[in-house]
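Notes follow the structure.
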Amino acid sequence: MAESKKHVSREIGLEIGHIAGKGLFKLEHLHYGLWKKGLEPEILNLHIAQDEYCKFIISHIPAEVKSILDVGCGAGAFSKKLADLGYKVDCVCPTEYQNKLVEERMGKTAEVFKCKFEEIQTNKKYDMVQFCESFQYIDLDRVIDIASRLLNPNGYILICDFFKKPVKVENGLKGGHKFDKFMEVMNKSPFKIIEDIDITAETAPNMDILDRATKEVMIPIAGAVDRFLMSRNPWITKLIKWKYRAKLQKAEKKYLFGNRTGKDFMETKTYRLFVCKKEK
Ligand SMILES: C[S@@+](CC[C@H](N)C(=O)[O-])C[C@H]1O[C@@H](n2cnc3c(N)ncnc32)[C@H](O)[C@@H]1O
C-alpha cells in the first residue's frame, strides 16, 4: 500500500478509536495505558491504566524541563495535563480531526503545529521533545536531526513507545520501529540515553482487551450486518463481498486467527520509556 494511503487509514483508525473510546468508555488518550499489578485488564479500566501511563511519564520528566513539544499529541489530553502542571507546551499533530480537539482543549496557551513532525517549520526551541506512542510514526532516519534542531542546549528527548523485536510472526501485530535499528541511530546521535525502562509487561494487557473486543464484539457485529444485507440485497452484497474477497480473507486471517494477544505482544515487541539528553 502506498505510504499516503497507509497514513490515511492509520489516521482514520485513530479517529474511530478516539470517537468510540471517548463516547463509550470516557477515554481521553490514544495510548495503551500502563496496567499496574492488580488492575483487571478489561476495557472499563482502560481510563485508569491511561492515567497511570501519564503519571509514569510525568514522573520521569527531568527537573530542569520547563517547555515541552508534544509530538503526535492525539486529542491533546496529555498536553493539557502537562500545561496544568505548569509546563509551557506546544503540540504537533498532522490530523485535522485531532487538531480541532487540541485547539479547543489548549486554547491560546499552545501553538499547534498542524503538520507532520518531519514538516515542522519554526525557530522555537524547547527543553524537551516528547513522543508518547507517536515515535513509531516518525521517519527514524530524520527524527533525531529534527528533534535536535528544536531543542535548547542540553535538552531532552522523551520516547515512550514500542519497538519490533527481531522475530517474525505471521499475521502478527504491526507497528514500531526495529529496536536494533533504533539503538544504532541513538548510538550515532548526539544524545545519551539516561533512562531506559522496559514496560512491555505493563502495556501488553491492552492487546488482550483489543483482541477480545475484536472477537467478541466487532466480528459478531460484522456477521449480523452481513446477514442483514444478505436478507435485503443478496446480489449486491455477494458482488461487494466477491470484489473485496482478498481483503476480507486477509482481515479474517489477521483478526480471527492472528497472533494478536498480550502474550504475542510480549514476544514480538518491546515497549520502552527512553529519556535521552543532548550532549553535543
Ligand atoms: C497512538 S496516537 C498517540 C496520541 C497521544 N500521544 C497519546 O498518547 O494519547 C499517535 C499520534 O501520532 C500522530 N502522528 C502520526 N504520524 C505523525 C507524524 N508524522 N508527525 C507527528 N505526529 C504524527 C497521530 O496523529 C496521533 O496523534
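To be explicit about the labels: the chains of the C-alpha cells are called A, B, and onward in the order shown, and within each one the residues are counted from 1, while ligands get numbers from 1 in the order they are shown.
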
Residues of chain A within 7 Å of ligand 1: nearest atom pair and distance (Å, one decimal) for each, counting only C-alpha atoms and all ligand atoms, sorted by chain and number, as a Markdown table?
| residue | atom | partner | partner_atom_place_in_ligand_line | distance |
| --- | --- | --- | --- | --- |
| A:Glu11 | CA | ligand 1 | 25 (O) | 6.0 |
| A:Leu14 | CA | ligand 1 | 2 (S) | 6.8 |
| A:His29 | CA | ligand 1 | 9 (O) | 3.8 |
| A:Leu30 | CA | ligand 1 | 9 (O) | 3.6 |
| A:His31 | CA | ligand 1 | 8 (O) | 4.5 |
| A:Val71 | CA | ligand 1 | 21 (C) | 5.4 |
| A:Gly72 | CA | ligand 1 | 22 (N) | 3.4 |
| A:Cys73 | CA | ligand 1 | 6 (N) | 4.1 |
| A:Gly74 | CA | ligand 1 | 27 (O) | 3.2 |
| A:Ala75 | CA | ligand 1 | 27 (O) | 6.8 |
| A:Phe78 | CA | ligand 1 | 9 (O) | 6.7 |
| A:Val92 | CA | ligand 1 | 21 (C) | 5.7 |
| A:Cys93 | CA | ligand 1 | 22 (N) | 4.7 |
| A:Pro94 | CA | ligand 1 | 25 (O) | 5.5 |
| A:Thr95 | CA | ligand 1 | 25 (O) | 5.2 |
| A:Gln98 | CA | ligand 1 | 27 (O) | 6.8 |
| A:Cys115 | CA | ligand 1 | 20 (N) | 6.7 |
| A:Lys116 | CA | ligand 1 | 20 (N) | 3.5 |
| A:Phe117 | CA | ligand 1 | 20 (N) | 3.9 |
| A:Glu118 | CA | ligand 1 | 19 (N) | 6.1 |
| A:Phe131 | CA | ligand 1 | 6 (N) | 6.5 |
| A:Cys132 | CA | ligand 1 | 6 (N) | 4.4 |
| A:Glu133 | CA | ligand 1 | 3 (C) | 4.9 |
| A:Ser134 | CA | ligand 1 | 12 (O) | 4.2 |
| A:Tyr137 | CA | ligand 1 | 16 (N) | 4.6 |
| A:Ile138 | CA | ligand 1 | 19 (N) | 4.7 |

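DSSP on the backbone gives strand (DSSP E or B) for these parts of stretch 138-181 of chain A: Leu151, Asn152, Pro153, Asn154, Gly155, Tyr156, Ile157, Leu158, Ile159, Cys160, Asp161, Phe162, Phe163, Lys164, Gly172, His177 and Lys178 of chain A.
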
Keeping N, CA and C atoms for every residue in the selection just given, could you write it to a file as a short mmCIF file (atom, residue, chain, number, x, y, z; two decimals), in the first residue's frame?
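Output file part_9.cif is given in full below:
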data_model
loop_
_atom_site.label_atom_id
_atom_site.label_comp_id
_atom_site.auth_asym_id
_atom_site.auth_seq_id
_atom_site.Cartn_x
_atom_site.Cartn_y
_atom_site.Cartn_z
N LEU A 151 15.66 21.67 20.00
CA LEU A 151 15.98 21.64 21.43
C LEU A 151 16.95 22.73 21.85
N ASN A 152 16.77 23.21 23.09
CA ASN A 152 17.76 24.08 23.71
C ASN A 152 19.02 23.24 23.97
N PRO A 153 20.17 23.89 24.20
CA PRO A 153 21.37 23.11 24.52
C PRO A 153 21.07 22.21 25.73
N ASN A 154 21.56 21.03 25.73
CA ASN A 154 21.33 20.05 26.80
C ASN A 154 19.87 19.68 27.00
N GLY A 155 19.08 19.84 25.92
CA GLY A 155 17.66 19.47 26.01
C GLY A 155 17.49 17.94 25.98
N TYR A 156 16.22 17.53 26.08
CA TYR A 156 15.93 16.09 26.20
C TYR A 156 14.94 15.62 25.13
N ILE A 157 15.07 14.34 24.80
CA ILE A 157 14.02 13.66 24.03
C ILE A 157 13.43 12.62 24.96
N LEU A 158 12.10 12.60 25.06
CA LEU A 158 11.46 11.52 25.83
C LEU A 158 10.63 10.70 24.83
N ILE A 159 10.90 9.40 24.83
CA ILE A 159 10.17 8.49 23.93
C ILE A 159 9.50 7.43 24.79
N CYS A 160 8.19 7.27 24.61
CA CYS A 160 7.53 6.16 25.30
C CYS A 160 6.72 5.44 24.21
N ASP A 161 7.22 4.32 23.75
CA ASP A 161 6.60 3.67 22.59
C ASP A 161 7.14 2.25 22.47
N PHE A 162 6.50 1.47 21.58
CA PHE A 162 7.02 0.11 21.39
C PHE A 162 7.81 -0.03 20.10
N PHE A 163 8.68 -1.04 20.13
CA PHE A 163 9.60 -1.31 19.02
C PHE A 163 9.47 -2.79 18.66
N LYS A 164 9.90 -3.11 17.41
CA LYS A 164 9.84 -4.52 16.98
C LYS A 164 11.08 -5.26 17.43
N GLY A 172 0.85 -11.22 12.64
CA GLY A 172 1.10 -10.66 13.98
C GLY A 172 0.78 -9.18 14.03
N HIS A 177 9.21 0.84 15.25
CA HIS A 177 10.49 0.77 14.51
C HIS A 177 11.24 -0.47 14.98
N LYS A 178 12.17 -0.92 14.15
CA LYS A 178 13.01 -2.05 14.58
C LYS A 178 13.89 -1.58 15.73
#

Counting only C-alpha atoms, give me one row per residue of stretch 182-252 of chain A with an atom at most 10 Å from an atom of stretch 52-56 of chain A, showing the shortest contact pair and its distance in Å to one decimal, sorted by chain then residue number, as a Markdown table.
| residue | atom | partner | partner_atom | distance |
| --- | --- | --- | --- | --- |
| A:Ile199 | CA | A:Tyr53 | CA | 10.0 |
| A:Glu202 | CA | A:Tyr53 | CA | 9.5 |
| A:Thr203 | CA | A:Tyr53 | CA | 9.0 |

**Asked** To one decimal place, how far is atom CA of A:Gly223 from atom CA of A:Lys238 in Å?
**Response**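 That distance, rounded to one decimal, is 13.8 Å.
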
**Message:** For stretch 250-256 of chain A, find every residue with an atom within 9 Å (counting only C-alpha atoms), except residues of its own chain fewer than 4 positions away, and show them as a list in words.
**Reply:**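 Here the qualifying residues turn out to be Glu170, Asn171, Gly172, Leu173, Asp211, Thr214, Lys215, Ile219, Arg245, Ala246 and Arg260 of chain A.
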
**Shell around A:Leu101 at 12 Å using only C-alpha atoms, local window under 2 positions removed, as a PyMOL selection string** = chain A and resi 15+18-19+28-29+73-77+79-80+91+93+95-99+103-107+112

**Request:** Report as a PyMOL selection string: the residues of stretch 7-131 of chain A with a DSSP assignment of alpha helix (DSSP H), based on the backbone of this structure.
**Result:** chain A and resi 7-25+46-58+77-84+96-106

Output file for the selection above: N, CA and C atoms, as a compact mmCIF listing (two decimals), in the first residue's frame:
# COMPACT_ATOMS: atom_id res chain seq x y z
N HIS A 7 -1.03 6.01 5.64
CA HIS A 7 -1.14 7.09 6.61
C HIS A 7 -2.61 7.44 6.85
N VAL A 8 -3.37 7.57 5.74
CA VAL A 8 -4.79 7.94 5.87
C VAL A 8 -5.54 6.87 6.65
N SER A 9 -5.30 5.57 6.34
CA SER A 9 -6.09 4.55 7.06
C SER A 9 -5.67 4.48 8.52
N ARG A 10 -4.38 4.71 8.81
CA ARG A 10 -3.92 4.74 10.20
C ARG A 10 -4.60 5.87 10.97
N GLU A 11 -4.64 7.05 10.32
CA GLU A 11 -5.24 8.22 10.97
C GLU A 11 -6.74 8.03 11.18
N ILE A 12 -7.41 7.42 10.18
CA ILE A 12 -8.85 7.17 10.34
C ILE A 12 -9.07 6.16 11.45
N GLY A 13 -8.19 5.16 11.55
CA GLY A 13 -8.28 4.18 12.63
C GLY A 13 -8.18 4.86 13.99
N LEU A 14 -7.23 5.82 14.10
CA LEU A 14 -7.06 6.53 15.37
C LEU A 14 -8.30 7.38 15.68
N GLU A 15 -8.86 7.98 14.61
CA GLU A 15 -10.05 8.83 14.79
C GLU A 15 -11.23 7.98 15.30
N ILE A 16 -11.44 6.81 14.65
CA ILE A 16 -12.53 5.93 15.09
C ILE A 16 -12.28 5.48 16.53
N GLY A 17 -11.01 5.12 16.81
CA GLY A 17 -10.65 4.69 18.16
C GLY A 17 -10.98 5.76 19.18
N HIS A 18 -10.69 7.02 18.84
CA HIS A 18 -10.93 8.10 19.78
C HIS A 18 -12.42 8.35 19.98
N ILE A 19 -13.18 8.36 18.86
CA ILE A 19 -14.63 8.60 18.97
C ILE A 19 -15.27 7.49 19.82
N ALA A 20 -14.95 6.23 19.50
CA ALA A 20 -15.56 5.11 20.23
C ALA A 20 -15.09 5.12 21.69
N GLY A 21 -13.78 5.31 21.89
CA GLY A 21 -13.23 5.27 23.25
C GLY A 21 -13.83 6.36 24.13
N LYS A 22 -13.95 7.57 23.57
CA LYS A 22 -14.47 8.69 24.36
C LYS A 22 -15.97 8.52 24.59
N GLY A 23 -16.69 8.18 23.52
CA GLY A 23 -18.14 8.06 23.61
C GLY A 23 -18.57 6.92 24.52
N LEU A 24 -17.89 5.79 24.43
CA LEU A 24 -18.35 4.62 25.18
C LEU A 24 -17.65 4.46 26.53
N PHE A 25 -16.39 4.82 26.59
CA PHE A 25 -15.62 4.49 27.81
C PHE A 25 -14.93 5.69 28.45
N LEU A 46 -9.56 0.84 31.33
CA LEU A 46 -8.52 1.43 30.47
C LEU A 46 -8.23 2.89 30.85
N HIS A 47 -9.26 3.62 31.25
CA HIS A 47 -9.00 5.04 31.61
C HIS A 47 -8.07 5.12 32.83
N ILE A 48 -8.16 4.13 33.73
CA ILE A 48 -7.26 4.13 34.91
C ILE A 48 -5.83 3.83 34.44
N ALA A 49 -5.71 2.84 33.55
CA ALA A 49 -4.38 2.49 33.03
C ALA A 49 -3.78 3.67 32.27
N GLN A 50 -4.62 4.41 31.52
CA GLN A 50 -4.10 5.56 30.77
C GLN A 50 -3.64 6.67 31.71
N ASP A 51 -4.36 6.85 32.80
CA ASP A 51 -3.94 7.84 33.81
C ASP A 51 -2.59 7.46 34.42
N GLU A 52 -2.43 6.15 34.68
CA GLU A 52 -1.17 5.65 35.26
C GLU A 52 -0.01 5.89 34.29
N TYR A 53 -0.28 5.70 33.01
CA TYR A 53 0.74 5.89 31.98
C TYR A 53 1.21 7.36 31.99
N CYS A 54 0.23 8.27 32.08
CA CYS A 54 0.58 9.71 32.11
C CYS A 54 1.41 10.02 33.37
N LYS A 55 0.97 9.48 34.51
CA LYS A 55 1.70 9.74 35.77
C LYS A 55 3.12 9.21 35.66
N PHE A 56 3.25 8.02 35.07
CA PHE A 56 4.55 7.40 34.93
C PHE A 56 5.48 8.30 34.10
N ILE A 57 4.96 8.80 32.99
CA ILE A 57 5.80 9.67 32.14
C ILE A 57 6.15 10.96 32.89
N ILE A 58 5.15 11.56 33.51
CA ILE A 58 5.39 12.82 34.23
C ILE A 58 6.50 12.63 35.27
N ALA A 77 -5.08 15.55 25.34
CA ALA A 77 -5.40 15.40 26.77
C ALA A 77 -4.13 15.39 27.63
N PHE A 78 -3.08 14.76 27.11
CA PHE A 78 -1.84 14.73 27.90
C PHE A 78 -1.15 16.09 27.86
N SER A 79 -1.21 16.76 26.72
CA SER A 79 -0.62 18.12 26.61
C SER A 79 -1.27 19.03 27.66
N LYS A 80 -2.59 18.89 27.80
CA LYS A 80 -3.33 19.74 28.75
C LYS A 80 -2.90 19.43 30.18
N LYS A 81 -2.75 18.14 30.46
CA LYS A 81 -2.30 17.74 31.81
C LYS A 81 -0.95 18.40 32.12
N LEU A 82 -0.05 18.38 31.12
CA LEU A 82 1.28 18.96 31.32
C LEU A 82 1.18 20.47 31.51
N ALA A 83 0.33 21.12 30.70
CA ALA A 83 0.15 22.58 30.82
C ALA A 83 -0.40 22.92 32.20
N ASP A 84 -1.34 22.11 32.68
CA ASP A 84 -1.92 22.35 34.00
C ASP A 84 -0.87 22.21 35.11
N GLU A 96 -6.46 16.64 10.97
CA GLU A 96 -7.41 17.74 11.11
C GLU A 96 -8.38 17.50 12.29
N TYR A 97 -8.92 16.29 12.36
CA TYR A 97 -9.89 15.95 13.40
C TYR A 97 -9.30 16.19 14.80
N GLN A 98 -8.06 15.70 15.00
CA GLN A 98 -7.43 15.84 16.32
C GLN A 98 -7.04 17.30 16.59
N ASN A 99 -6.59 18.00 15.53
CA ASN A 99 -6.17 19.39 15.72
C ASN A 99 -7.27 20.27 16.29
N LYS A 100 -8.47 20.03 15.81
CA LYS A 100 -9.62 20.81 16.30
C LYS A 100 -9.79 20.58 17.81
N LEU A 101 -9.69 19.31 18.22
CA LEU A 101 -9.86 18.98 19.64
C LEU A 101 -8.73 19.58 20.48
N VAL A 102 -7.50 19.54 19.93
CA VAL A 102 -6.36 20.07 20.68
C VAL A 102 -6.51 21.57 20.88
N GLU A 103 -6.93 22.26 19.80
CA GLU A 103 -7.08 23.72 19.91
C GLU A 103 -8.17 24.09 20.91
N GLU A 104 -9.26 23.33 20.89
CA GLU A 104 -10.34 23.60 21.86
C GLU A 104 -9.81 23.41 23.28
N ARG A 105 -9.05 22.33 23.46
CA ARG A 105 -8.58 21.98 24.80
C ARG A 105 -7.50 22.93 25.31
N MET A 106 -6.59 23.30 24.43
CA MET A 106 -5.42 24.08 24.86
C MET A 106 -5.67 25.59 24.78
